[in-house]
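Participant: So here's entry04.txt, just compact mmCIF, C-alpha atoms (C1' of nucleotides):
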# COMPACT_ATOMS: atom_id res chain seq x y z
CA MET A 22 -64.33 61.85 121.08
CA ALA A 23 -66.37 58.88 120.12
CA THR A 24 -70.15 59.11 120.11
CA ASP A 25 -70.36 62.55 121.66
CA GLU A 26 -69.21 65.54 119.68
CA ARG A 27 -68.92 68.22 122.35
CA VAL A 28 -66.00 70.52 122.76
CA THR A 29 -65.33 71.03 126.42
CA GLN A 30 -64.26 74.29 127.93
CA THR A 31 -60.73 73.21 128.76
CA GLY A 32 -58.36 74.73 126.23
CA ALA A 33 -57.69 78.21 127.44
CA GLU A 34 -55.41 78.55 130.41
CA ILE A 35 -53.54 75.28 130.69
CA ASP A 36 -49.85 75.44 131.48
CA PHE A 37 -47.94 72.94 129.36
CA GLY A 38 -44.74 73.45 131.33
CA THR A 39 -41.61 71.91 129.87
CA LEU A 40 -43.69 70.20 127.22
CA HIS A 41 -43.75 73.30 125.05
CA GLU A 42 -39.98 73.63 125.33
CA LEU A 43 -39.37 70.13 124.02
CA THR A 44 -38.91 69.93 120.29
CA GLY A 45 -39.81 66.27 120.41
CA TYR A 46 -43.23 67.22 121.69
CA TRP A 47 -43.89 69.51 118.75
CA LEU A 48 -42.50 66.96 116.36
CA ARG A 49 -44.89 64.41 117.75
CA SER A 50 -47.83 66.81 117.69
CA ALA A 51 -47.17 67.78 114.10
CA GLN A 52 -46.78 64.16 113.07
CA ILE A 53 -49.95 63.04 114.82
CA ASN A 54 -51.95 65.84 113.23
CA THR A 55 -50.47 65.16 109.83
CA TYR A 56 -51.25 61.46 110.04
CA ARG A 57 -54.76 62.12 111.29
CA ASN A 58 -55.25 64.44 108.36
CA VAL A 59 -53.75 62.30 105.64
CA ARG A 60 -55.78 59.41 106.91
CA ARG A 61 -59.06 61.27 106.62
CA PHE A 62 -57.99 62.80 103.34
CA PHE A 63 -57.30 59.62 101.39
CA PHE A 64 -55.88 56.73 103.39
CA ASP A 65 -59.36 55.68 104.48
CA GLU A 66 -60.58 55.90 100.90
CA PHE A 67 -57.85 53.55 99.65
CA GLU A 68 -57.61 51.46 102.82
CA MET A 69 -53.97 52.49 103.12
CA THR A 70 -51.54 53.07 105.95
CA PRO A 71 -48.13 54.75 105.90
CA GLY A 72 -46.51 51.32 106.07
CA LEU A 73 -48.49 49.88 103.16
CA PHE A 74 -47.98 52.99 101.07
CA GLY A 75 -44.24 52.98 101.65
CA VAL A 76 -43.85 49.36 100.66
CA LEU A 77 -45.91 49.81 97.50
CA GLU A 78 -43.90 52.84 96.50
CA ILE A 79 -40.55 51.15 97.07
CA VAL A 80 -41.47 47.90 95.37
CA ASP A 81 -42.92 49.81 92.44
CA ARG A 82 -39.66 51.69 91.92
CA ASN A 83 -37.40 48.75 92.71
CA PRO A 84 -38.87 45.54 91.31
CA GLY A 85 -37.41 42.28 92.55
CA LEU A 86 -36.35 43.58 95.93
CA THR A 87 -36.17 41.21 98.90
CA GLN A 88 -38.50 41.58 101.87
CA THR A 89 -35.56 42.25 104.13
CA ALA A 90 -34.24 44.84 101.69
CA VAL A 91 -37.55 46.68 101.79
CA ALA A 92 -37.66 46.43 105.57
CA ASN A 93 -34.20 47.93 105.86
CA ALA A 94 -35.06 50.67 103.41
CA MET A 95 -38.00 51.67 105.57
CA GLY A 96 -36.13 51.25 108.86
CA ASN A 97 -38.41 48.40 109.90
CA ASP A 98 -37.78 45.01 111.36
CA ARG A 99 -38.12 42.39 108.66
CA SER A 100 -40.65 40.53 110.79
CA ALA A 101 -43.03 43.44 110.40
CA MET A 102 -42.83 43.04 106.64
CA VAL A 103 -44.53 39.65 106.60
CA ALA A 104 -47.98 40.86 107.58
CA ILE A 105 -47.70 43.87 105.28
CA ILE A 106 -46.78 41.79 102.23
CA ASP A 107 -49.45 39.27 103.14
CA ARG A 108 -52.12 41.95 103.04
CA LEU A 109 -50.88 43.50 99.84
CA GLU A 110 -50.60 40.12 98.18
CA LYS A 111 -54.08 39.16 99.32
CA ARG A 112 -55.38 42.34 97.75
CA GLY A 113 -53.68 41.46 94.50
CA LEU A 114 -51.43 44.50 94.52
CA ILE A 115 -48.11 42.79 94.98
CA GLU A 116 -46.55 39.44 94.23
CA ARG A 117 -43.98 37.21 95.94
CA ARG A 118 -41.81 35.28 93.50
CA PRO A 119 -39.02 32.87 94.43
CA SER A 120 -35.66 34.54 94.03
CA PRO A 121 -33.65 32.98 91.20
CA VAL A 122 -30.38 33.41 93.07
CA ASP A 123 -31.30 32.66 96.67
CA ARG A 124 -33.80 30.02 97.61
CA ARG A 125 -34.31 31.63 101.02
CA SER A 126 -35.53 34.97 99.81
CA LYS A 127 -38.51 36.09 97.80
CA ALA A 128 -38.49 38.78 95.16
CA LEU A 129 -41.28 41.33 95.32
CA TYR A 130 -43.09 42.63 92.25
CA MET A 131 -46.10 44.85 91.62
CA THR A 132 -49.03 43.37 89.79
CA ALA A 133 -50.57 45.34 86.93
CA GLN A 134 -53.48 46.10 89.22
CA GLY A 135 -51.08 47.20 91.93
CA LYS A 136 -49.33 49.62 89.61
CA LYS A 137 -52.61 51.23 88.61
CA PHE A 138 -53.78 51.39 92.20
CA GLN A 139 -50.58 52.94 93.48
CA ALA A 140 -50.62 55.52 90.70
CA GLY A 141 -53.93 56.79 92.04
CA VAL A 142 -52.80 56.81 95.64
CA ARG A 143 -49.57 58.53 94.73
CA GLU A 144 -51.38 61.34 92.97
CA ARG A 145 -53.65 61.91 95.95
CA ALA A 146 -50.63 61.84 98.25
CA LEU A 147 -48.89 64.57 96.30
CA GLN A 148 -52.08 66.59 96.23
CA HIS A 149 -52.51 66.28 99.97
CA ASN A 150 -48.88 67.17 100.49
CA ARG A 151 -49.33 70.41 98.57
CA GLU A 152 -52.52 71.41 100.35
CA PHE A 153 -51.62 70.39 103.87
CA PHE A 154 -48.23 72.08 103.89
CA ALA A 155 -49.58 75.25 102.37
CA VAL A 156 -49.24 76.83 105.82
CA LEU A 157 -45.53 76.98 104.99
CA SER A 158 -43.91 79.11 102.34
CA ALA A 159 -41.91 77.37 99.64
CA GLY A 160 -38.66 78.36 101.33
CA GLU A 161 -39.85 77.23 104.72
CA HIS A 162 -41.05 73.97 103.27
CA ARG A 163 -37.68 73.28 101.72
CA GLN A 164 -35.88 74.14 104.93
CA LEU A 165 -38.21 72.00 107.01
CA VAL A 166 -37.53 68.94 104.90
CA ASP A 167 -33.81 69.62 105.10
CA MET A 168 -33.96 69.69 108.88
CA LEU A 169 -36.23 66.65 109.15
CA LYS A 170 -33.79 64.66 107.04
CA ARG A 171 -31.05 65.45 109.50
CA LEU A 172 -33.26 64.56 112.45
CA ALA A 173 -34.19 61.26 110.83
CA THR A 174 -30.60 60.12 111.34
CA SER A 175 -29.54 62.15 114.37
CA THR A 176 -28.59 60.71 117.73
CA SER A 177 -28.17 62.33 121.12
CA ASP A 178 -24.68 60.96 121.57
CA GLY A 179 -22.63 62.24 118.69
CA GLN A 180 -22.91 62.21 114.96
CA PRO A 181 -25.66 61.01 112.60
CA GLN A 182 -26.19 57.34 111.91
CA THR A 183 -25.58 55.99 108.45
CA GLU A 184 -27.89 53.02 108.74
CA TRP A 185 -30.91 53.79 106.60
CA CYS A 186 -32.32 56.56 104.40
CA MET B 6 -33.32 43.03 114.00
CA ALA B 7 -34.01 40.82 116.94
CA THR B 8 -31.52 38.14 117.84
CA ASP B 9 -29.30 38.66 114.85
CA GLU B 10 -27.26 41.81 114.63
CA ARG B 11 -26.15 41.85 111.00
CA VAL B 12 -26.42 44.80 108.72
CA THR B 13 -27.37 43.62 105.26
CA GLN B 14 -25.99 45.02 102.07
CA THR B 15 -29.18 46.71 100.95
CA GLY B 16 -28.93 50.43 101.55
CA ALA B 17 -27.19 51.95 98.59
CA GLU B 18 -29.16 52.33 95.41
CA ILE B 19 -32.79 52.09 96.40
CA ASP B 20 -35.20 54.47 94.71
CA PHE B 21 -37.69 55.87 97.23
CA GLY B 22 -39.83 57.42 94.54
CA THR B 23 -42.53 59.80 95.69
CA LEU B 24 -41.77 58.90 99.30
CA HIS B 25 -38.87 61.32 99.43
CA GLU B 26 -41.04 64.09 98.02
CA LEU B 27 -43.63 63.73 100.75
CA THR B 28 -43.06 65.94 103.74
CA GLY B 29 -45.20 63.65 105.82
CA TYR B 30 -42.73 60.86 105.19
CA TRP B 31 -39.84 62.92 106.53
CA LEU B 32 -41.92 64.09 109.43
CA ARG B 33 -42.67 60.52 110.32
CA SER B 34 -39.06 59.41 109.89
CA ALA B 35 -37.79 62.22 112.08
CA GLN B 36 -40.40 61.48 114.71
CA ILE B 37 -39.71 57.76 114.74
CA ASN B 38 -35.99 58.34 115.08
CA THR B 39 -36.49 60.92 117.79
CA TYR B 40 -38.75 58.62 119.76
CA ARG B 41 -36.38 55.69 119.37
CA ASN B 42 -33.59 57.87 120.63
CA VAL B 43 -35.34 59.47 123.54
CA ARG B 44 -36.53 56.06 124.58
CA ARG B 45 -33.03 54.63 124.75
CA PHE B 46 -31.71 57.82 126.28
CA PHE B 47 -33.93 57.96 129.32
CA PHE B 48 -37.48 56.70 128.85
CA ASP B 49 -36.37 53.13 129.45
CA GLU B 50 -34.52 54.22 132.56
CA PHE B 51 -37.62 55.84 134.06
CA GLU B 52 -40.12 53.47 132.47
CA MET B 53 -41.71 56.44 130.74
CA THR B 54 -43.51 57.02 127.47
CA PRO B 55 -44.37 60.30 125.75
CA GLY B 56 -47.96 59.92 126.90
CA LEU B 57 -47.07 59.33 130.54
CA PHE B 58 -44.57 62.15 130.51
CA GLY B 59 -47.06 64.58 129.04
CA VAL B 60 -49.73 63.78 131.59
CA LEU B 61 -47.30 64.11 134.48
CA GLU B 62 -46.08 67.45 133.20
CA ILE B 63 -49.56 68.85 132.71
CA VAL B 64 -50.93 67.61 136.02
CA ASP B 65 -47.85 68.91 137.79
CA ARG B 66 -48.41 72.39 136.39
CA ASN B 67 -52.19 72.34 136.64
CA PRO B 68 -53.25 70.56 139.83
CA GLY B 69 -56.88 69.52 140.10
CA LEU B 70 -57.47 69.12 136.40
CA THR B 71 -60.06 66.66 135.16
CA GLN B 72 -59.10 63.57 133.16
CA THR B 73 -61.03 64.86 130.19
CA ALA B 74 -59.34 68.24 130.49
CA VAL B 75 -55.93 66.60 130.34
CA ALA B 76 -57.01 64.46 127.41
CA ASN B 77 -58.16 67.50 125.48
CA ALA B 78 -54.98 69.37 126.31
CA MET B 79 -52.96 66.54 124.83
CA GLY B 80 -55.28 66.01 121.88
CA ASN B 81 -56.20 62.54 123.05
CA ASP B 82 -59.46 60.73 123.42
CA ARG B 83 -60.50 60.73 127.07
CA SER B 84 -60.80 56.95 126.97
CA ALA B 85 -57.06 56.71 126.45
CA MET B 86 -56.54 58.62 129.66
CA VAL B 87 -57.95 55.89 131.87
CA ALA B 88 -55.13 53.40 131.36
CA ILE B 89 -52.53 56.13 131.65
CA ILE B 90 -53.85 57.46 134.94
CA ASP B 91 -54.26 53.91 136.20
CA ARG B 92 -50.59 53.21 135.63
CA LEU B 93 -49.41 56.47 137.13
CA GLU B 94 -51.65 56.02 140.13
CA LYS B 95 -50.47 52.45 140.63
CA ARG B 96 -46.91 53.73 140.65
CA GLY B 97 -47.79 56.28 143.30
CA LEU B 98 -46.96 59.26 141.11
CA ILE B 99 -50.43 60.68 140.71
CA GLU B 100 -53.66 60.72 142.64
CA ARG B 101 -57.34 60.71 141.71
CA ARG B 102 -59.50 62.69 144.09
CA PRO B 103 -63.26 63.15 143.83
CA SER B 104 -64.06 66.56 142.43
CA PRO B 105 -65.71 68.76 145.05
CA VAL B 106 -67.93 70.41 142.45
CA ASP B 107 -68.84 67.54 140.12
CA ARG B 108 -69.46 64.03 141.30
CA ARG B 109 -68.80 62.65 137.83
CA SER B 110 -65.28 63.88 137.45
CA LYS B 111 -62.07 63.24 139.31
CA ALA B 112 -59.45 65.83 140.07
CA LEU B 113 -55.86 64.84 139.37
CA TYR B 114 -52.99 65.68 141.67
CA MET B 115 -49.32 64.79 141.85
CA THR B 116 -48.08 62.96 144.92
CA ALA B 117 -44.93 64.18 146.63
CA GLN B 118 -43.14 61.20 145.16
CA GLY B 119 -44.54 62.05 141.73
CA LYS B 120 -43.26 65.59 141.91
CA LYS B 121 -39.77 64.44 142.79
CA PHE B 122 -39.84 61.77 140.09
CA GLN B 123 -41.02 64.14 137.40
CA ALA B 124 -38.39 66.69 138.33
CA GLY B 125 -35.73 64.13 137.49
CA VAL B 126 -37.36 63.07 134.24
CA ARG B 127 -37.90 66.67 133.21
CA GLU B 128 -34.24 67.49 133.67
CA ARG B 129 -33.19 64.52 131.57
CA ALA B 130 -35.72 65.48 128.93
CA LEU B 131 -34.30 68.97 128.60
CA GLN B 132 -30.79 67.55 128.46
CA HIS B 133 -31.74 65.13 125.71
CA ASN B 134 -33.52 67.90 123.85
CA ARG B 135 -30.34 69.97 123.83
CA GLU B 136 -28.09 67.14 122.73
CA PHE B 137 -30.34 65.50 120.17
CA PHE B 138 -31.24 68.68 118.35
CA ALA B 139 -27.66 69.86 118.27
CA VAL B 140 -27.63 68.97 114.57
CA LEU B 141 -29.62 72.19 114.15
CA SER B 142 -28.36 75.70 114.73
CA ALA B 143 -30.17 77.84 117.26
CA GLY B 144 -31.92 79.75 114.51
CA GLU B 145 -32.92 76.60 112.69
CA HIS B 146 -34.16 75.08 115.90
CA ARG B 147 -36.35 78.09 116.60
CA GLN B 148 -37.71 78.09 113.08
CA LEU B 149 -38.38 74.36 113.15
CA VAL B 150 -40.49 74.66 116.28
CA ASP B 151 -42.36 77.57 114.74
CA MET B 152 -43.22 75.48 111.70
CA LEU B 153 -44.12 72.39 113.70
CA LYS B 154 -46.52 74.44 115.79
CA ARG B 155 -48.32 75.48 112.65
CA LEU B 156 -48.41 71.92 111.35
CA ALA B 157 -49.79 70.68 114.65
CA THR B 158 -53.01 72.54 113.87
CA SER B 159 -53.02 72.59 110.08
CA THR B 160 -55.57 70.89 107.87
CA SER B 161 -55.56 70.10 104.18
CA ASP B 162 -58.86 71.85 103.59
CA GLY B 163 -58.45 75.44 104.67
CA GLN B 164 -57.30 77.21 107.77
CA PRO B 165 -55.81 75.89 111.01
CA GLN B 166 -57.99 74.31 113.64
CA THR B 167 -58.47 76.03 116.96
CA GLU B 168 -59.23 72.90 118.93
CA TRP B 169 -56.20 72.27 121.05
CA CYS B 170 -52.72 73.62 121.73
C1' DC C 9 -90.69 70.43 138.26
C1' DC C 10 -89.48 67.09 134.69
C1' DA C 11 -87.80 65.47 130.40
C1' DT C 12 -84.27 65.88 127.40
C1' DT C 13 -79.76 66.61 126.35
C1' DA C 14 -74.93 66.72 127.46
C1' DC C 15 -70.84 65.42 129.95
C1' DT C 16 -67.96 62.15 133.15
C1' DG C 17 -65.14 58.16 133.67
C1' DT C 18 -65.04 53.72 132.20
C1' DT C 19 -64.90 49.36 129.40
C1' DG C 20 -64.27 46.78 125.31
C1' DA C 21 -63.09 46.24 120.52
C1' DT C 22 -60.18 46.99 116.53
C1' DA C 23 -56.12 48.28 114.41
C1' DA C 24 -51.28 50.17 113.34
C1' DC C 25 -46.86 49.95 114.82
C1' DG C 26 -42.48 48.83 117.27
C1' DT C 27 -39.70 45.51 119.56
C1' DA C 28 -38.01 41.18 120.46
C1' DA C 29 -37.01 36.08 120.58
C1' DA C 30 -36.88 32.05 118.32
C1' DC C 31 -37.03 28.47 114.32
C1' DA C 32 -36.20 25.80 109.82
C1' DA C 33 -34.25 26.31 105.50
C1' DT C 34 -30.55 28.03 103.12
C1' DT C 35 -26.18 30.32 102.14
C1' DA C 36 -21.53 32.11 103.17
C1' DA C 37 -17.31 31.86 105.53
C1' DA C 38 -13.63 29.65 108.43
C1' DT D 16 -16.90 20.52 106.14
C1' DT D 17 -17.96 22.47 110.15
C1' DT D 18 -19.50 26.87 111.83
C1' DA D 19 -21.65 31.16 111.50
C1' DA D 20 -24.87 34.24 109.27
C1' DT D 21 -29.11 35.42 106.59
C1' DT D 22 -34.10 34.80 105.00
C1' DG D 23 -38.79 34.48 105.77
C1' DT D 24 -41.71 33.36 109.26
C1' DT D 25 -44.39 32.93 113.68
C1' DT D 26 -45.40 34.27 118.22
C1' DA D 27 -45.57 37.48 121.79
C1' DC D 28 -45.90 41.79 124.34
C1' DG D 29 -46.60 46.65 124.73
C1' DT D 30 -47.95 51.44 123.18
C1' DT D 31 -50.96 54.26 120.96
C1' DA D 32 -55.08 55.82 118.28
C1' DT D 33 -59.86 55.39 117.36
C1' DC D 34 -64.53 54.28 117.95
C1' DA D 35 -68.81 52.77 120.20
C1' DA D 36 -71.34 52.07 124.04
C1' DC D 37 -72.81 52.33 129.14
C1' DA D 38 -74.16 54.05 133.91
C1' DG D 39 -73.93 57.83 136.77
C1' DT D 40 -74.28 62.72 137.09
C1' DA D 41 -75.13 67.51 135.65
C1' DA D 42 -77.26 71.17 133.01
C1' DT D 43 -80.96 72.94 130.30
C1' DG D 44 -85.52 73.93 128.20
C1' DG D 45 -90.21 73.86 128.61
Re-express the file's structure as structure tokens.
Facilitator:
Amino acid sequence: MATDERVTQTGAEIDFGTLHELTGYWLRSAQINTYRNVRRFFFDEFEMTPGLFGVLEIVDRNPGLTQTAVANAMGNDRSAMVAIIDRLEKRGLIERRPSPVDRRSKALYMTAQGKKFQAGVRERALQHNREFFAVLSAGEHRQLVDMLKRLATSTSDGQPQTEWC
Amino acid sequence: MATDERVTQTGAEIDFGTLHELTGYWLRSAQINTYRNVRRFFFDEFEMTPGLFGVLEIVDRNPGLTQTAVANAMGNDRSAMVAIIDRLEKRGLIERRPSPVDRRSKALYMTAQGKKFQAGVRERALQHNREFFAVLSAGEHRQLVDMLKRLATSTSDGQPQTEWC
DNA sequence: CCATTACTGTTGATAACGTAAACAATTAAA
DNA sequence: TTTAATTGTTTACGTTATCAACAGTAATGG
């Protein structure tokens, strides 16, 4: 849906087959819609992405953390962290300092500007969270999060992982 | 975690701050883990992706559909469909035929080989769905899907969309 | 009938993200 | 002290989403 804004007459009688029986499909659909929404709601305004937001939040709450530590906390590869920190550093939101105990690693800290910035984003995030998930009752909401937490560490071959989260 | 396979000593006492209060975060985590898992479980084996699988399933159940129709059904931009159909056609699973009623559009059909292939993938998908979501009880599972369906069409500014699904 | 508007598949661009392999510098362990 | 492991980094490839534009075709209004 780029230049044109028409809504075609497809919708109605399409058979989704097994797709609608697969929980993973609904999980993906819900996630895509949520991301699309949160992006339009405030990520565009702040030039944020889920990855950037996560790093800012974690570094803000855990000053001095290593890049690899943050990567592990977010379930990312540490190589993905480089570009993210680069961008945040270039925007003056975050700071790489040499670790005093390990000359390989770099300790991450928020700048004063970064703290102020993230405070604004955080508030909008909580606001969006309230409004977007208003289609669920409080009890449902609580139960949903409980289930998602389990799914975030579930595997198909046995018991939950312990790796991250 | 590319060449090296070590698990660093980070995990324990990291404060995730607002992140853990955001439902979108958990939604994303659950989705990422699910995708990672389904990929290792059988997508690699069949060289599939969620997008390819979805198209195959929809075309299989709705022969003769237009590319744009499939795109809308999946909530995609129609431009994304081109590469997907190209790949599936190159693999002999799907077929583009000129529409008899509209010279612009192309009707999509499964090949015999495609039908057989998709039958196998579909079976594995249902199997994985059962095993992976075994961390939920039957009632929870049902309720989760119910909530995800609502979130797939929710917006932060008012009532659900009617666009797709 | 014709001009305008809309829709089709397509291409190309940008970007986020995930995955993976490799490297130099540094540290830890045998 | 030799060997193995970890850190940040770069490079690469692939998937997916989004957006803008184009030529060919269809539908619509006047």
Participant: Hey, which bits of chain C sit within 10 Å of range 29-45 of chain D, and for each residue what's the closest pair of atoms and how far apart in Å (one decimal), counting only C-alpha atoms (C1' of nucleotides), rows by chain and increasing number, as JSON lines?
Facilitator:
{"residue": "C:DC10", "atom": "C1'", "partner": "D:DG45", "partner_atom": "C1'", "distance": 9.1}
{"residue": "C:DA11", "atom": "C1'", "partner": "D:DG45", "partner_atom": "C1'", "distance": 8.9}
{"residue": "C:DT12", "atom": "C1'", "partner": "D:DG44", "partner_atom": "C1'", "distance": 8.2}
{"residue": "C:DT13", "atom": "C1'", "partner": "D:DT43", "partner_atom": "C1'", "distance": 7.6}
{"residue": "C:DA14", "atom": "C1'", "partner": "D:DA42", "partner_atom": "C1'", "distance": 7.5}
{"residue": "C:DC15", "atom": "C1'", "partner": "D:DA41", "partner_atom": "C1'", "distance": 7.4}
{"residue": "C:DT16", "atom": "C1'", "partner": "D:DT40", "partner_atom": "C1'", "distance": 7.5}
{"residue": "C:DG17", "atom": "C1'", "partner": "D:DG39", "partner_atom": "C1'", "distance": 9.3}
{"residue": "C:DT18", "atom": "C1'", "partner": "D:DC37", "partner_atom": "C1'", "distance": 8.5}
{"residue": "C:DT19", "atom": "C1'", "partner": "D:DC37", "partner_atom": "C1'", "distance": 8.5}
{"residue": "C:DG20", "atom": "C1'", "partner": "D:DA36", "partner_atom": "C1'", "distance": 8.9}
{"residue": "C:DA21", "atom": "C1'", "partner": "D:DC34", "partner_atom": "C1'", "distance": 8.6}
{"residue": "C:DT22", "atom": "C1'", "partner": "D:DT33", "partner_atom": "C1'", "distance": 8.4}
{"residue": "C:DA23", "atom": "C1'", "partner": "D:DA32", "partner_atom": "C1'", "distance": 8.5}
{"residue": "C:DA24", "atom": "C1'", "partner": "D:DA32", "partner_atom": "C1'", "distance": 8.4}
{"residue": "C:DC25", "atom": "C1'", "partner": "D:DT31", "partner_atom": "C1'", "distance": 8.5}
{"residue": "C:DG26", "atom": "C1'", "partner": "D:DT30", "partner_atom": "C1'", "distance": 8.5}
{"residue": "C:DT27", "atom": "C1'", "partner": "D:DG29", "partner_atom": "C1'", "distance": 8.7}
Participant: Range 22-27 of chain D: which residues within 9 Å, counting all atoms listed in the file, same-chain residues fewer than 3 positions away excluded, as a list of chain:residue names?
Facilitator: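 Near neighbours after the sequence-gap exclusion: A:Gln88, A:Thr89, A:Arg99, A:Ser100, A:Val103, A:Arg124, A:Arg125, A:Ser126, A:Lys127, C:DA28, C:DA29, C:DA30, C:DC31, C:DA33, C:DT34.
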Participant: Tell me, as a ChimeraX atom specification, which residues lie within 12 Å of Met79 in chain B, counting only C-alpha atoms (C1' of nucleotides); anything in the same chain fewer than 4 positions away does not count.
Facilitator: /A:31-32,35-37,40-41,46-47,49-50,53-54 /B:55-64,72-75,83,85-86,157,168-170
Participant: Please, what distance in Å, to one decimal, runs between CA of Gln132 in chain B and CA of Ala88 in chain B?
Facilitator: 28.3 Å
Participant: May I ask for the distance between CA of Pro84 in chain A and CA of Thr132 in chain A, given in Å to one decimal place?
Facilitator: 10.5 Å
Participant: Box for range 24-28 of chain C: with edges along x, y and z, all listed atoms inside and 5 Å added on each side, what are the centre and edge lengths in Å to one decimal, as lines of an AutoDock Vina configuration file?
Facilitator:
center_x = -44.6
center_y = 45.7
center_z = 116.9
size_x = 23.3
size_y = 19.0
size_z = 17.1
Participant: Rounded to one decimal in Å, what is the spacing between CA of Ala155 in chain A and CA of Lys170 in chain A?
Facilitator: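 It comes out at 19.6 Å.
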Participant: For a quick check of understanding, using all atoms listed in the file, which of A:Phe154, A:Phe138, A:Tyr130, A:Phe64 has the smallest distance to chain B?
Facilitator: A:Phe154
Participant: Point out the residue among A:Ala159, A:Ile106, A:Val142, A:Met69 with the least atom-to-atom distance to chain D, counting only C-alpha atoms (C1' of nucleotides).
Facilitator: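 Counting only C-alpha atoms (C1' of nucleotides), the residue closest to chain D is A:Ile106.
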Participant: Could N, CA and C atoms be built for range 24-35 of chain B and written out as a PDB file, in the coordinates of the input?
Facilitator:
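Full text of out-v1.pdb as output:
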ATOM      1  N   LEU B  24     -41.936  58.863  97.844  1.00  0.00           N
ATOM      2  CA  LEU B  24     -41.770  58.900  99.300  1.00  0.00           C
ATOM      3  C   LEU B  24     -40.900  60.061  99.745  1.00  0.00           C
ATOM      4  N   HIS B  25     -39.803  60.263  99.034  1.00  0.00           N
ATOM      5  CA  HIS B  25     -38.870  61.320  99.430  1.00  0.00           C
ATOM      6  C   HIS B  25     -39.371  62.710  99.067  1.00  0.00           C
ATOM      7  N   GLU B  26     -40.452  62.786  98.335  1.00  0.00           N
ATOM      8  CA  GLU B  26     -41.040  64.090  98.020  1.00  0.00           C
ATOM      9  C   GLU B  26     -42.158  64.447  98.981  1.00  0.00           C
ATOM     10  N   LEU B  27     -42.530  63.497  99.824  1.00  0.00           N
ATOM     11  CA  LEU B  27     -43.630  63.730 100.750  1.00  0.00           C
ATOM     12  C   LEU B  27     -43.110  64.190 102.108  1.00  0.00           C
ATOM     13  N   THR B  28     -43.511  65.371 102.475  1.00  0.00           N
ATOM     14  CA  THR B  28     -43.060  65.940 103.740  1.00  0.00           C
ATOM     15  C   THR B  28     -43.517  65.085 104.912  1.00  0.00           C
ATOM     16  N   GLY B  29     -44.696  64.501 104.770  1.00  0.00           N
ATOM     17  CA  GLY B  29     -45.200  63.650 105.820  1.00  0.00           C
ATOM     18  C   GLY B  29     -44.294  62.459 106.086  1.00  0.00           C
ATOM     19  N   TYR B  30     -43.679  61.973 105.028  1.00  0.00           N
ATOM     20  CA  TYR B  30     -42.730  60.860 105.190  1.00  0.00           C
ATOM     21  C   TYR B  30     -41.554  61.283 106.050  1.00  0.00           C
ATOM     22  N   TRP B  31     -41.002  62.446 105.757  1.00  0.00           N
ATOM     23  CA  TRP B  31     -39.840  62.920 106.530  1.00  0.00           C
ATOM     24  C   TRP B  31     -40.231  63.268 107.947  1.00  0.00           C
ATOM     25  N   LEU B  32     -41.421  63.784 108.101  1.00  0.00           N
ATOM     26  CA  LEU B  32     -41.920  64.090 109.430  1.00  0.00           C
ATOM     27  C   LEU B  32     -41.997  62.815 110.263  1.00  0.00           C
ATOM     28  N   ARG B  33     -42.526  61.793 109.636  1.00  0.00           N
ATOM     29  CA  ARG B  33     -42.670  60.520 110.320  1.00  0.00           C
ATOM     30  C   ARG B  33     -41.310  59.911 110.634  1.00  0.00           C
ATOM     31  N   SER B  34     -40.405  59.954 109.667  1.00  0.00           N
ATOM     32  CA  SER B  34     -39.060  59.410 109.890  1.00  0.00           C
ATOM     33  C   SER B  34     -38.372  60.125 111.037  1.00  0.00           C
ATOM     34  N   ALA B  35     -38.448  61.443 111.026  1.00  0.00           N
ATOM     35  CA  ALA B  35     -37.790  62.220 112.080  1.00  0.00           C
ATOM     36  C   ALA B  35     -38.407  61.891 113.434  1.00  0.00           C
TER      37      ALA B  35
END
